[in-house]
file input00.pdb (PDB, C-alpha atoms)
MODEL        1
ATOM      1  CA  MET A 170      14.680  22.357  74.300  1.00  0.00           C
ATOM      2  CA  ARG A 171      13.634  20.856  70.986  1.00  0.00           C
ATOM      3  CA  ARG A 172      12.673  23.272  68.222  1.00  0.00           C
ATOM      4  CA  ILE A 173       9.599  22.340  66.189  1.00  0.00           C
ATOM      5  CA  ARG A 174       9.016  23.746  62.724  1.00  0.00           C
ATOM      6  CA  VAL A 175       5.726  25.644  62.510  1.00  0.00           C
ATOM      7  CA  ILE A 176       4.808  26.168  58.860  1.00  0.00           C
ATOM      8  CA  PRO A 177       2.134  28.428  57.326  1.00  0.00           C
ATOM      9  CA  ALA A 178       0.444  26.745  54.368  1.00  0.00           C
ATOM     10  CA  LEU A 179      -0.788  28.964  51.544  1.00  0.00           C
ATOM     11  CA  LEU A 180      -3.336  27.584  49.083  1.00  0.00           C
ATOM     12  CA  ILE A 181      -3.312  29.198  45.649  1.00  0.00           C
ATOM     13  CA  LYS A 182      -6.322  28.967  43.370  1.00  0.00           C
ATOM     14  CA  ASP A 183      -6.453  30.964  40.128  1.00  0.00           C
ATOM     15  CA  LYS A 184      -3.511  33.062  41.406  1.00  0.00           C
ATOM     16  CA  GLY A 185      -5.342  34.105  44.573  1.00  0.00           C
ATOM     17  CA  LEU A 186      -4.818  33.032  48.156  1.00  0.00           C
ATOM     18  CA  VAL A 187      -7.729  30.881  49.351  1.00  0.00           C
ATOM     19  CA  LYS A 188      -8.739  28.727  52.299  1.00  0.00           C
ATOM     20  CA  SER A 189     -10.930  25.672  52.268  1.00  0.00           C
ATOM     21  CA  VAL A 190     -13.010  23.539  54.590  1.00  0.00           C
ATOM     22  CA  LYS A 191     -12.580  19.800  54.002  1.00  0.00           C
ATOM     23  CA  PHE A 192     -11.045  20.649  50.596  1.00  0.00           C
ATOM     24  CA  LYS A 193     -14.249  22.459  49.554  1.00  0.00           C
ATOM     25  CA  SER A 194     -15.874  25.893  49.982  1.00  0.00           C
ATOM     26  CA  HIS A 195     -12.802  27.854  48.928  1.00  0.00           C
ATOM     27  CA  LYS A 196     -12.783  31.405  50.230  1.00  0.00           C
ATOM     28  CA  TYR A 197     -10.591  34.120  48.736  1.00  0.00           C
ATOM     29  CA  VAL A 198      -8.451  35.677  51.452  1.00  0.00           C
ATOM     30  CA  GLY A 199      -5.965  37.870  49.598  1.00  0.00           C
ATOM     31  CA  ASP A 200      -2.839  38.178  47.519  1.00  0.00           C
ATOM     32  CA  PRO A 201      -0.156  35.486  47.997  1.00  0.00           C
ATOM     33  CA  ILE A 202       2.779  37.899  47.735  1.00  0.00           C
ATOM     34  CA  ASN A 203       1.318  40.170  50.412  1.00  0.00           C
ATOM     35  CA  ALA A 204       0.903  37.139  52.650  1.00  0.00           C
ATOM     36  CA  VAL A 205       4.531  36.117  52.094  1.00  0.00           C
ATOM     37  CA  LYS A 206       5.678  39.646  52.974  1.00  0.00           C
ATOM     38  CA  ILE A 207       3.720  39.549  56.229  1.00  0.00           C
ATOM     39  CA  PHE A 208       5.136  36.155  57.130  1.00  0.00           C
ATOM     40  CA  ASN A 209       8.607  37.543  56.415  1.00  0.00           C
ATOM     41  CA  GLU A 210       8.046  40.144  59.106  1.00  0.00           C
ATOM     42  CA  LYS A 211       6.894  37.451  61.500  1.00  0.00           C
ATOM     43  CA  GLU A 212      10.067  35.422  60.860  1.00  0.00           C
ATOM     44  CA  VAL A 213       8.370  32.099  60.151  1.00  0.00           C
ATOM     45  CA  ASP A 214      10.445  28.906  59.963  1.00  0.00           C
ATOM     46  CA  GLU A 215       9.474  28.078  56.386  1.00  0.00           C
ATOM     47  CA  ILE A 216       6.447  28.438  54.165  1.00  0.00           C
ATOM     48  CA  LEU A 217       4.411  25.991  52.121  1.00  0.00           C
ATOM     49  CA  VAL A 218       2.715  27.054  48.880  1.00  0.00           C
ATOM     50  CA  LEU A 219       0.263  24.687  47.196  1.00  0.00           C
ATOM     51  CA  ASP A 220      -1.328  25.601  43.858  1.00  0.00           C
ATOM     52  CA  ILE A 221      -4.522  23.554  44.031  1.00  0.00           C
ATOM     53  CA  SER A 222      -5.770  24.786  40.656  1.00  0.00           C
ATOM     54  CA  ALA A 223      -2.812  23.342  38.733  1.00  0.00           C
ATOM     55  CA  THR A 224      -4.016  19.744  38.968  1.00  0.00           C
ATOM     56  CA  GLU A 225      -7.633  20.727  38.364  1.00  0.00           C
ATOM     57  CA  GLN A 226      -6.631  22.555  35.193  1.00  0.00           C
ATOM     58  CA  HIS A 227      -4.241  19.805  34.079  1.00  0.00           C
ATOM     59  CA  ARG A 228      -1.337  22.215  33.823  1.00  0.00           C
ATOM     60  CA  GLY A 229       2.154  22.495  35.186  1.00  0.00           C
ATOM     61  CA  PRO A 230       3.460  24.963  37.781  1.00  0.00           C
ATOM     62  CA  ASP A 231       3.237  28.689  37.067  1.00  0.00           C
ATOM     63  CA  PHE A 232       6.980  29.315  37.158  1.00  0.00           C
ATOM     64  CA  ASN A 233       6.700  33.092  36.866  1.00  0.00           C
ATOM     65  CA  ALA A 234       4.385  33.319  39.851  1.00  0.00           C
ATOM     66  CA  ILE A 235       6.512  30.877  41.844  1.00  0.00           C
ATOM     67  CA  GLY A 236       9.664  32.827  41.045  1.00  0.00           C
ATOM     68  CA  ASN A 237       7.992  36.025  42.253  1.00  0.00           C
ATOM     69  CA  LEU A 238       6.966  34.363  45.510  1.00  0.00           C
ATOM     70  CA  ALA A 239      10.401  32.834  46.059  1.00  0.00           C
ATOM     71  CA  SER A 240      12.096  36.175  45.442  1.00  0.00           C
ATOM     72  CA  GLU A 241       9.962  37.759  48.173  1.00  0.00           C
ATOM     73  CA  ALA A 242      10.345  34.956  50.702  1.00  0.00           C
ATOM     74  CA  PHE A 243      13.088  35.370  53.300  1.00  0.00           C
ATOM     75  CA  MET A 244      12.407  31.843  54.568  1.00  0.00           C
ATOM     76  CA  PRO A 245      12.698  28.432  52.855  1.00  0.00           C
ATOM     77  CA  LEU A 246       9.796  27.908  50.468  1.00  0.00           C
ATOM     78  CA  ALA A 247       8.244  24.564  49.581  1.00  0.00           C
ATOM     79  CA  TYR A 248       6.020  24.381  46.515  1.00  0.00           C
ATOM     80  CA  GLY A 249       3.492  21.842  45.297  1.00  0.00           C
ATOM     81  CA  GLY A 250       0.972  21.774  42.462  1.00  0.00           C
ATOM     82  CA  GLY A 251       0.978  20.356  38.944  1.00  0.00           C
ATOM     83  CA  ILE A 252       4.422  18.763  39.182  1.00  0.00           C
ATOM     84  CA  THR A 253       4.663  15.820  36.785  1.00  0.00           C
ATOM     85  CA  SER A 254       8.261  15.672  35.534  1.00  0.00           C
ATOM     86  CA  LEU A 255      11.880  15.912  36.581  1.00  0.00           C
ATOM     87  CA  GLU A 256      12.343  18.907  34.289  1.00  0.00           C
ATOM     88  CA  GLU A 257       9.660  20.778  36.232  1.00  0.00           C
ATOM     89  CA  ILE A 258      11.377  19.863  39.494  1.00  0.00           C
ATOM     90  CA  LYS A 259      14.680  21.192  38.177  1.00  0.00           C
ATOM     91  CA  LYS A 260      13.036  24.403  37.008  1.00  0.00           C
ATOM     92  CA  LEU A 261      11.366  24.931  40.386  1.00  0.00           C
ATOM     93  CA  PHE A 262      14.722  24.811  42.147  1.00  0.00           C
ATOM     94  CA  HIS A 263      16.080  27.299  39.642  1.00  0.00           C
ATOM     95  CA  CYS A 264      13.141  29.546  40.605  1.00  0.00           C
ATOM     96  CA  GLY A 265      14.337  29.553  44.206  1.00  0.00           C
ATOM     97  CA  VAL A 266      12.172  26.800  45.706  1.00  0.00           C
ATOM     98  CA  GLU A 267      13.972  24.768  48.394  1.00  0.00           C
ATOM     99  CA  LYS A 268      11.546  21.829  48.554  1.00  0.00           C
ATOM    100  CA  VAL A 269       9.067  20.381  46.096  1.00  0.00           C
ATOM    101  CA  VAL A 270       5.831  18.770  47.200  1.00  0.00           C
ATOM    102  CA  ILE A 271       4.527  15.964  45.022  1.00  0.00           C
ATOM    103  CA  ASN A 272       0.992  14.628  45.409  1.00  0.00           C
ATOM    104  CA  HIS A 273      -0.906  13.177  42.465  1.00  0.00           C
ATOM    105  CA  ALA A 274       2.250  12.423  40.486  1.00  0.00           C
ATOM    106  CA  ALA A 275       3.637  10.397  43.409  1.00  0.00           C
ATOM    107  CA  PHE A 276       0.602   8.134  43.109  1.00  0.00           C
ATOM    108  CA  LYS A 277       0.538   8.013  39.331  1.00  0.00           C
ATOM    109  CA  ASN A 278       4.298   7.826  38.740  1.00  0.00           C
ATOM    110  CA  PRO A 279       6.261   6.875  41.895  1.00  0.00           C
ATOM    111  CA  SER A 280       9.495   6.838  39.893  1.00  0.00           C
ATOM    112  CA  LEU A 281       9.321  10.652  39.807  1.00  0.00           C
ATOM    113  CA  VAL A 282       9.955  10.706  43.548  1.00  0.00           C
ATOM    114  CA  ARG A 283      13.135   8.705  43.065  1.00  0.00           C
ATOM    115  CA  GLN A 284      14.222  10.866  40.135  1.00  0.00           C
ATOM    116  CA  GLY A 285      13.746  14.003  42.188  1.00  0.00           C
ATOM    117  CA  ALA A 286      15.581  12.534  45.176  1.00  0.00           C
ATOM    118  CA  ASP A 287      18.500  11.476  42.973  1.00  0.00           C
ATOM    119  CA  TYR A 288      18.670  14.960  41.481  1.00  0.00           C
ATOM    120  CA  VAL A 289      18.426  17.193  44.548  1.00  0.00           C
ATOM    121  CA  GLY A 290      18.485  14.860  47.564  1.00  0.00           C
ATOM    122  CA  SER A 291      15.672  13.243  49.516  1.00  0.00           C
ATOM    123  CA  GLN A 292      15.615  16.091  52.037  1.00  0.00           C
ATOM    124  CA  SER A 293      14.102  18.368  49.385  1.00  0.00           C
ATOM    125  CA  ILE A 294      11.450  15.946  48.123  1.00  0.00           C
ATOM    126  CA  VAL A 295       8.179  15.987  50.054  1.00  0.00           C
ATOM    127  CA  VAL A 296       5.307  13.644  49.254  1.00  0.00           C
ATOM    128  CA  SER A 297       1.916  15.013  50.196  1.00  0.00           C
ATOM    129  CA  ILE A 298      -0.582  12.425  51.421  1.00  0.00           C
ATOM    130  CA  ASP A 299      -4.232  13.499  51.584  1.00  0.00           C
ATOM    131  CA  VAL A 300      -6.295  11.150  53.734  1.00  0.00           C
ATOM    132  CA  LYS A 301      -9.903  10.800  54.735  1.00  0.00           C
ATOM    133  CA  LYS A 302     -12.161   8.065  56.012  1.00  0.00           C
ATOM    134  CA  ASN A 303     -14.351   6.115  53.622  1.00  0.00           C
ATOM    135  CA  LEU A 304     -17.954   5.090  54.273  1.00  0.00           C
ATOM    136  CA  PHE A 305     -16.718   2.265  56.492  1.00  0.00           C
ATOM    137  CA  GLY A 306     -14.532   4.519  58.634  1.00  0.00           C
ATOM    138  CA  LYS A 307     -11.260   3.304  57.121  1.00  0.00           C
ATOM    139  CA  TYR A 308      -8.474   5.734  56.287  1.00  0.00           C
ATOM    140  CA  LYS A 309      -7.752   5.924  52.562  1.00  0.00           C
ATOM    141  CA  VAL A 310      -5.404   8.025  50.435  1.00  0.00           C
ATOM    142  CA  TYR A 311      -7.120  10.483  48.102  1.00  0.00           C
ATOM    143  CA  VAL A 312      -5.672  12.388  45.154  1.00  0.00           C
ATOM    144  CA  GLU A 313      -6.907  15.034  42.697  1.00  0.00           C
ATOM    145  CA  ASN A 314      -7.603  17.536  45.489  1.00  0.00           C
ATOM    146  CA  GLY A 315      -9.457  14.944  47.522  1.00  0.00           C
ATOM    147  CA  LYS A 316     -11.802  13.896  44.743  1.00  0.00           C
ATOM    148  CA  MET A 317     -10.354  10.463  43.883  1.00  0.00           C
ATOM    149  CA  ASN A 318     -10.196   7.617  46.382  1.00  0.00           C
ATOM    150  CA  THR A 319      -7.145   5.487  45.569  1.00  0.00           C
ATOM    151  CA  GLY A 320      -8.284   2.755  47.934  1.00  0.00           C
ATOM    152  CA  ILE A 321      -4.785   2.642  49.453  1.00  0.00           C
ATOM    153  CA  ASP A 322      -4.138   2.541  53.184  1.00  0.00           C
ATOM    154  CA  PRO A 323      -2.031   5.570  54.231  1.00  0.00           C
ATOM    155  CA  ILE A 324       0.429   3.451  56.237  1.00  0.00           C
ATOM    156  CA  GLU A 325       1.193   1.300  53.209  1.00  0.00           C
ATOM    157  CA  TYR A 326       1.383   4.390  51.005  1.00  0.00           C
ATOM    158  CA  ALA A 327       3.702   6.238  53.386  1.00  0.00           C
ATOM    159  CA  ARG A 328       6.098   3.302  53.491  1.00  0.00           C
ATOM    160  CA  ASP A 329       6.084   3.009  49.702  1.00  0.00           C
ATOM    161  CA  GLN A 330       6.841   6.722  49.270  1.00  0.00           C
ATOM    162  CA  GLU A 331       9.657   6.543  51.809  1.00  0.00           C
ATOM    163  CA  ALA A 332      11.116   3.614  49.866  1.00  0.00           C
ATOM    164  CA  ALA A 333      10.696   5.592  46.636  1.00  0.00           C
ATOM    165  CA  GLY A 334      12.960   8.343  47.991  1.00  0.00           C
ATOM    166  CA  ALA A 335      10.739  10.851  49.790  1.00  0.00           C
ATOM    167  CA  GLY A 336      12.590  12.681  52.543  1.00  0.00           C
ATOM    168  CA  GLU A 337       9.478  14.051  54.219  1.00  0.00           C
ATOM    169  CA  LEU A 338       5.724  13.431  54.239  1.00  0.00           C
ATOM    170  CA  LEU A 339       3.035  16.109  54.391  1.00  0.00           C
ATOM    171  CA  LEU A 340       0.102  14.336  56.038  1.00  0.00           C
ATOM    172  CA  ASN A 341      -3.194  16.112  55.445  1.00  0.00           C
ATOM    173  CA  ALA A 342      -6.411  14.981  57.126  1.00  0.00           C
ATOM    174  CA  ILE A 343      -9.126  16.073  54.694  1.00  0.00           C
ATOM    175  CA  ASP A 344     -11.911  15.666  57.254  1.00  0.00           C
ATOM    176  CA  LYS A 345     -10.103  18.120  59.553  1.00  0.00           C
ATOM    177  CA  ASP A 346      -9.127  20.717  56.933  1.00  0.00           C
ATOM    178  CA  GLY A 347     -10.266  24.209  57.918  1.00  0.00           C
ATOM    179  CA  THR A 348     -12.420  22.970  60.813  1.00  0.00           C
ATOM    180  CA  PHE A 349     -10.367  24.236  63.797  1.00  0.00           C
ATOM    181  CA  GLU A 350     -11.121  20.867  65.454  1.00  0.00           C
ATOM    182  CA  GLY A 351      -7.517  19.846  66.028  1.00  0.00           C
ATOM    183  CA  TYR A 352      -5.304  17.437  64.129  1.00  0.00           C
ATOM    184  CA  ASP A 353      -6.242  13.807  63.483  1.00  0.00           C
ATOM    185  CA  THR A 354      -3.880  12.383  66.079  1.00  0.00           C
ATOM    186  CA  VAL A 355      -4.814   8.766  65.376  1.00  0.00           C
ATOM    187  CA  LEU A 356      -3.784   9.195  61.746  1.00  0.00           C
ATOM    188  CA  ILE A 357      -0.590  11.020  62.705  1.00  0.00           C
ATOM    189  CA  LYS A 358       0.453   8.304  65.137  1.00  0.00           C
ATOM    190  CA  GLN A 359      -0.256   5.502  62.690  1.00  0.00           C
ATOM    191  CA  VAL A 360       1.709   7.030  59.839  1.00  0.00           C
ATOM    192  CA  ALA A 361       4.580   8.562  61.828  1.00  0.00           C
ATOM    193  CA  SER A 362       5.262   5.297  63.647  1.00  0.00           C
ATOM    194  CA  SER A 363       5.426   3.402  60.361  1.00  0.00           C
ATOM    195  CA  VAL A 364       8.203   5.444  58.699  1.00  0.00           C
ATOM    196  CA  GLN A 365      11.644   6.795  59.572  1.00  0.00           C
ATOM    197  CA  ILE A 366      11.316  10.122  57.749  1.00  0.00           C
ATOM    198  CA  PRO A 367       9.743  13.308  59.167  1.00  0.00           C
ATOM    199  CA  VAL A 368       5.975  13.663  59.041  1.00  0.00           C
ATOM    200  CA  VAL A 369       4.498  17.170  58.836  1.00  0.00           C
ATOM    201  CA  ALA A 370       0.943  17.247  60.173  1.00  0.00           C
ATOM    202  CA  ILE A 371      -1.630  19.550  58.625  1.00  0.00           C
ATOM    203  CA  GLY A 372      -5.398  19.915  58.853  1.00  0.00           C
ATOM    204  CA  GLY A 373      -7.455  21.209  61.781  1.00  0.00           C
ATOM    205  CA  ALA A 374      -5.102  23.247  63.953  1.00  0.00           C
ATOM    206  CA  SER A 375      -6.794  25.801  66.202  1.00  0.00           C
ATOM    207  CA  SER A 376      -4.005  26.725  68.636  1.00  0.00           C
ATOM    208  CA  ILE A 377      -0.414  26.165  69.716  1.00  0.00           C
ATOM    209  CA  SER A 378      -1.773  23.452  72.012  1.00  0.00           C
ATOM    210  CA  ASP A 379      -2.797  21.499  68.923  1.00  0.00           C
ATOM    211  CA  PHE A 380       0.801  21.755  67.672  1.00  0.00           C
ATOM    212  CA  GLU A 381       2.059  20.186  70.874  1.00  0.00           C
ATOM    213  CA  ILE A 382      -0.518  17.397  70.715  1.00  0.00           C
ATOM    214  CA  ALA A 383       0.427  16.585  67.118  1.00  0.00           C
ATOM    215  CA  VAL A 384       4.113  16.413  67.996  1.00  0.00           C
ATOM    216  CA  ARG A 385       3.393  14.172  70.970  1.00  0.00           C
ATOM    217  CA  HIS A 386       1.626  11.805  68.571  1.00  0.00           C
ATOM    218  CA  GLY A 387       4.619  11.606  66.260  1.00  0.00           C
ATOM    219  CA  ALA A 388       4.648  14.665  64.001  1.00  0.00           C
ATOM    220  CA  SER A 389       8.111  16.098  63.388  1.00  0.00           C
ATOM    221  CA  ALA A 390       6.674  19.450  62.301  1.00  0.00           C
ATOM    222  CA  VAL A 391       3.285  21.111  62.049  1.00  0.00           C
ATOM    223  CA  ALA A 392       1.624  23.154  59.333  1.00  0.00           C
ATOM    224  CA  ALA A 393      -1.566  25.195  59.353  1.00  0.00           C
ATOM    225  CA  GLY A 394      -3.553  27.408  57.027  1.00  0.00           C
ATOM    226  CA  SER A 395      -6.772  28.748  58.516  1.00  0.00           C
ATOM    227  CA  LEU A 396      -5.202  29.316  61.933  1.00  0.00           C
ATOM    228  CA  PHE A 397      -2.759  31.792  60.411  1.00  0.00           C
ATOM    229  CA  VAL A 398      -5.154  33.661  58.100  1.00  0.00           C
ATOM    230  CA  PHE A 399      -8.433  33.802  60.041  1.00  0.00           C
ATOM    231  CA  GLN A 400      -9.407  35.450  63.285  1.00  0.00           C
ATOM    232  CA  MET A 401     -12.084  33.526  65.124  1.00  0.00           C
ATOM    233  CA  PRO A 402     -14.979  33.291  65.767  1.00  0.00           C
ATOM    234  CA  HIS A 403     -16.171  35.006  62.583  1.00  0.00           C
ATOM    235  CA  ARG A 404     -13.281  33.971  60.315  1.00  0.00           C
ATOM    236  CA  ALA A 405     -12.292  37.539  59.618  1.00  0.00           C
ATOM    237  CA  VAL A 406      -9.152  37.627  57.482  1.00  0.00           C
ATOM    238  CA  LEU A 407      -6.145  38.537  59.614  1.00  0.00           C
ATOM    239  CA  ILE A 408      -2.737  37.019  58.942  1.00  0.00           C
ATOM    240  CA  SER A 409      -0.992  36.070  62.162  1.00  0.00           C
ATOM    241  CA  TYR A 410       1.762  33.845  63.501  1.00  0.00           C
ATOM    242  CA  PRO A 411       2.823  33.101  67.085  1.00  0.00           C
ATOM    243  CA  SER A 412       5.815  34.990  68.387  1.00  0.00           C
ATOM    244  CA  GLU A 413       9.051  33.240  69.267  1.00  0.00           C
ATOM    245  CA  ILE A 414       8.255  33.889  72.929  1.00  0.00           C
ATOM    246  CA  GLU A 415       4.857  32.188  72.593  1.00  0.00           C
ATOM    247  CA  LEU A 416       6.366  29.207  70.802  1.00  0.00           C
ATOM    248  CA  LYS A 417       9.130  28.832  73.392  1.00  0.00           C
ATOM    249  CA  LYS A 418       6.660  29.022  76.252  1.00  0.00           C
ATOM    250  CA  LYS A 419       3.838  26.891  74.870  1.00  0.00           C
ATOM    251  CA  LEU A 420       5.539  24.498  72.444  1.00  0.00           C
ATOM    252  CA  TYR A 421       9.322  24.134  72.489  1.00  0.00           C
ATOM    253  CA  SER A 422       9.664  23.978  76.266  1.00  0.00           C
ATOM    254  CA  ASN A 423       7.007  21.270  76.548  1.00  0.00           C
ATOM    255  CA  ILE A 424       8.571  18.944  73.995  1.00  0.00           C
ATOM    256  CA  LYS A 425      11.643  16.944  74.918  1.00  0.00           C
TER     257      LYS A 425
ENDMDL
END
call {"tool": "encode", "arguments": {"input": "input00.pdb", "output": "structure tokens"}}
result
Amino acid sequence: MRRIRVIPALLIKDKGLVKSVKFKSHKYVGDPINAVKIFNEKEVDEILVLDISATEQHRGPDFNAIGNLASEAFMPLAYGGGITSLEEIKKLFHCGVEKVVINHAAFKNPSLVRQGADYVGSQSIVVSIDVKKNLFGKYKVYVENGKMNTGIDPIEYARDQEAAGAGELLLNAIDKDGTFEGYDTVLIKQVASSVQIPVVAIGGASSISDFEIAVRHGASAVAAGSLFVFQMPHRAVLISYPSEIELKKKLYSNIK
């Protein structure tokens, strides 16, 4: 029975926990530390924290806040947001982070990915790839929280980031974000089949069944935000996570 990592993704905006729909319409859903404490109790595999306001505000990571989160987390914590230098990467690991997630800086300065990989090992360097379709229906990589179209095909970009030293890719389908419509399996298959490193799918999950579908299309792990903080159909805030029994029954046992 193959074990699949199932990762809650926490979006931080102005120090609060938020959720978005297609990278817009951010809704405040609570305090990040409280969320981490709840996920501790639910024994999650690892947790992903993305400070989406850092890039918008042209600032670096909030090391005090990250250190507080890392000190509360009983699981491995990956952090992304505002990372632009090797010194910041080093400081994040000193704060207790076990993986760093690089997005805009990977596009602007690919050498940072290599520097980070040389410092801490590729396994701890994750490149986040935000993708959506352009007016002609072609997948393109976007940066700056989905505002800037780089014009780059995600397959080409994924290969370049793997060559630069990334040990894992976080593949985010912007058009699926927060929609509960399921992952973009076409995108997952295209990217995952083009690289040798793990691809973590995120964007659109509505159930454990979606996790299985994503893995069958090539994802090595799955991440979700809205699924773990909202209760449908009215999107009432309720932090949840499937039990080990549910995951064994509905996910692990169905994946070879």
call {"tool": "closest_residue", "arguments": {"input": "input00.pdb", "among": "A:Asn303, A:Lys316, A:Ser240, A:Glu212", "to": "Glu225 of chain A", "atoms": "all atoms listed in the file"}}
result
A:Lys316
call {"tool": "resolve_selection", "arguments": {"input": "input00.pdb", "expression": "the PyMOL selection byres ((chain A and resi 322) around 8)", "output": "compact mmCIF listing (two decimals) with C-alpha atoms, in the frame of the given file"}}
result
# COMPACT_ATOMS: atom_id res chain seq x y z
CA TYR A 308 -8.47 5.73 56.29
CA LYS A 309 -7.75 5.92 52.56
CA VAL A 310 -5.40 8.02 50.44
CA GLY A 320 -8.28 2.76 47.93
CA ILE A 321 -4.78 2.64 49.45
CA PRO A 323 -2.03 5.57 54.23
CA ILE A 324 0.43 3.45 56.24
CA GLU A 325 1.19 1.30 53.21
CA TYR A 326 1.38 4.39 51.00
call {"tool": "atom_distance", "arguments": {"input": "input00.pdb", "atom1": "atom CA of Ala239 of chain A", "atom2": "atom CA of Asn314 of chain A"}}
result
23.6 Å
call {"tool": "axis_aligned_box", "arguments": {"input": "input00.pdb", "around": "segment 315-319 of chain A", "padding_each_side": "4 Å", "output": "lines of an AutoDock Vina configuration file"}}
result
center_x = -9.5
center_y = 10.2
center_z = 45.7
size_x = 12.7
size_y = 17.5
size_z = 11.6
call {"tool": "residues_around", "arguments": {"input": "input00.pdb", "residues": "segment 395-409 of chain A", "least_positions_apart": "3", "cutoff": "10 Å", "atoms": "only C-alpha atoms", "output": "VMD selection string"}}
result
chain A and resid 176 to 179 186 to 190 197 to 199 203 to 204 207 to 208 211 346 to 349 372 to 377 392 412
call {"tool": "closest_atom_pairs", "arguments": {"input": "input00.pdb", "of": "segment 263-327 of chain A", "to": "segment 243-256 of chain A", "cutoff": "9 Å", "atoms": "all atoms listed in the file", "output": "JSON lines"}}
result
{"residue": "A:Gly265", "atom": "CA", "partner": "A:Leu246", "partner_atom": "CA", "distance": 7.9}
{"residue": "A:Val266", "atom": "CA", "partner": "A:Leu246", "partner_atom": "CA", "distance": 5.4}
{"residue": "A:Glu267", "atom": "CA", "partner": "A:Leu246", "partner_atom": "CA", "distance": 5.6}
{"residue": "A:Lys268", "atom": "CA", "partner": "A:Ala247", "partner_atom": "CA", "distance": 4.4}
{"residue": "A:Val269", "atom": "CA", "partner": "A:Tyr248", "partner_atom": "CA", "distance": 5.0}
{"residue": "A:Val270", "atom": "CA", "partner": "A:Gly249", "partner_atom": "CA", "distance": 4.3}
{"residue": "A:Ile271", "atom": "CA", "partner": "A:Gly249", "partner_atom": "CA", "distance": 6.0}
{"residue": "A:Asn272", "atom": "CA", "partner": "A:Gly249", "partner_atom": "CA", "distance": 7.6}
{"residue": "A:His273", "atom": "CA", "partner": "A:Gly251", "partner_atom": "CA", "distance": 8.2}
{"residue": "A:Ala274", "atom": "CA", "partner": "A:Thr253", "partner_atom": "CA", "distance": 5.6}
{"residue": "A:Ala275", "atom": "CA", "partner": "A:Thr253", "partner_atom": "CA", "distance": 8.6}
{"residue": "A:Asn278", "atom": "CA", "partner": "A:Thr253", "partner_atom": "CA", "distance": 8.2}
{"residue": "A:Leu281", "atom": "CA", "partner": "A:Ser254", "partner_atom": "CA", "distance": 6.7}
{"residue": "A:Val282", "atom": "CA", "partner": "A:Leu255", "partner_atom": "CA", "distance": 8.9}
{"residue": "A:Gln284", "atom": "CA", "partner": "A:Leu255", "partner_atom": "CA", "distance": 6.6}
{"residue": "A:Gly285", "atom": "CA", "partner": "A:Leu255", "partner_atom": "CA", "distance": 6.2}
{"residue": "A:Tyr288", "atom": "CA", "partner": "A:Leu255", "partner_atom": "CA", "distance": 8.4}
{"residue": "A:Ser293", "atom": "CA", "partner": "A:Ala247", "partner_atom": "CA", "distance": 8.5}
{"residue": "A:Val295", "atom": "CA", "partner": "A:Ala247", "partner_atom": "CA", "distance": 8.6}
{"residue": "A:Ser297", "atom": "CA", "partner": "A:Gly249", "partner_atom": "CA", "distance": 8.6}
call {"tool": "atom_distance", "arguments": {"input": "input00.pdb", "atom1": "atom CA of Pro201 of chain A", "atom2": "atom CA of Ile173 of chain A"}}
result
24.5 Å
call {"tool": "resolve_selection", "arguments": {"input": "input00.pdb", "expression": "the PyMOL selection byres ((chain A and resi 182) around 9)", "output": "PyMOL selection string"}}
result
chain A and resi 180-181+183-187+195+197+219-223
call {"tool": "write_last_selection", "arguments": {"input": "input00.pdb", "atoms": "C-alpha atoms", "output": "compact mmCIF listing (two decimals), keeping the file's coordinate frame"}}
result
# COMPACT_ATOMS: atom_id res chain seq x y z
CA LEU A 180 -3.34 27.58 49.08
CA ILE A 181 -3.31 29.20 45.65
CA ASP A 183 -6.45 30.96 40.13
CA LYS A 184 -3.51 33.06 41.41
CA GLY A 185 -5.34 34.10 44.57
CA LEU A 186 -4.82 33.03 48.16
CA VAL A 187 -7.73 30.88 49.35
CA HIS A 195 -12.80 27.85 48.93
CA TYR A 197 -10.59 34.12 48.74
CA LEU A 219 0.26 24.69 47.20
CA ASP A 220 -1.33 25.60 43.86
CA ILE A 221 -4.52 23.55 44.03
CA SER A 222 -5.77 24.79 40.66
CA ALA A 223 -2.81 23.34 38.73
call {"tool": "resolve_selection", "arguments": {"input": "input00.pdb", "expression": "the PyMOL selection byres ((chain A and resi 363) around 9)", "output": "VMD selection string"}}
result
chain A and resid 324 to 325 327 to 328 358 to 362 364 to 365
call {"tool": "closest_residue", "arguments": {"input": "input00.pdb", "among": "A:Val175, A:Val312, A:Ile424, A:Cys264", "to": "Leu238 of chain A", "atoms": "only C-alpha atoms"}}
result
A:Cys264
call {"tool": "atom_distance", "arguments": {"input": "input00.pdb", "atom1": "atom CA of Pro411 of chain A", "atom2": "atom CA of Ile202 of chain A"}}
result
19.9 Å
call {"tool": "residues_around", "arguments": {"input": "input00.pdb", "residues": "segment 378-387 of chain A", "least_positions_apart": "5", "cutoff": "8 Å", "atoms": "only C-alpha atoms", "output": "list in words"}}
result
Gly351, Tyr352, Thr354, Val355, Ile357, Lys358, Ala361, Ser362, Val368, Ala370, Lys419, Leu420, Asn423 and Ile424 of chain A
call {"tool": "closest_residue", "arguments": {"input": "input00.pdb", "among": "A:Lys277, A:His227, A:Lys196, A:Lys345", "to": "Gln330 of chain A", "atoms": "all atoms listed in the file"}}
result
A:Lys277
call {"tool": "closest_residue", "arguments": {"input": "input00.pdb", "among": "A:Pro367, A:Gly290, A:Pro230, A:Gly306", "to": "Val218 of chain A", "atoms": "only C-alpha atoms"}}
result
A:Pro230
call {"tool": "residues_around", "arguments": {"input": "input00.pdb", "residues": "Phe232 of chain A", "least_positions_apart": "4", "cutoff": "10 Å", "atoms": "only C-alpha atoms", "output": "list in words"}}
result
Gly236, Asn237, Leu238, Glu257, Lys260, Leu261, His263 and Cys264 of chain A
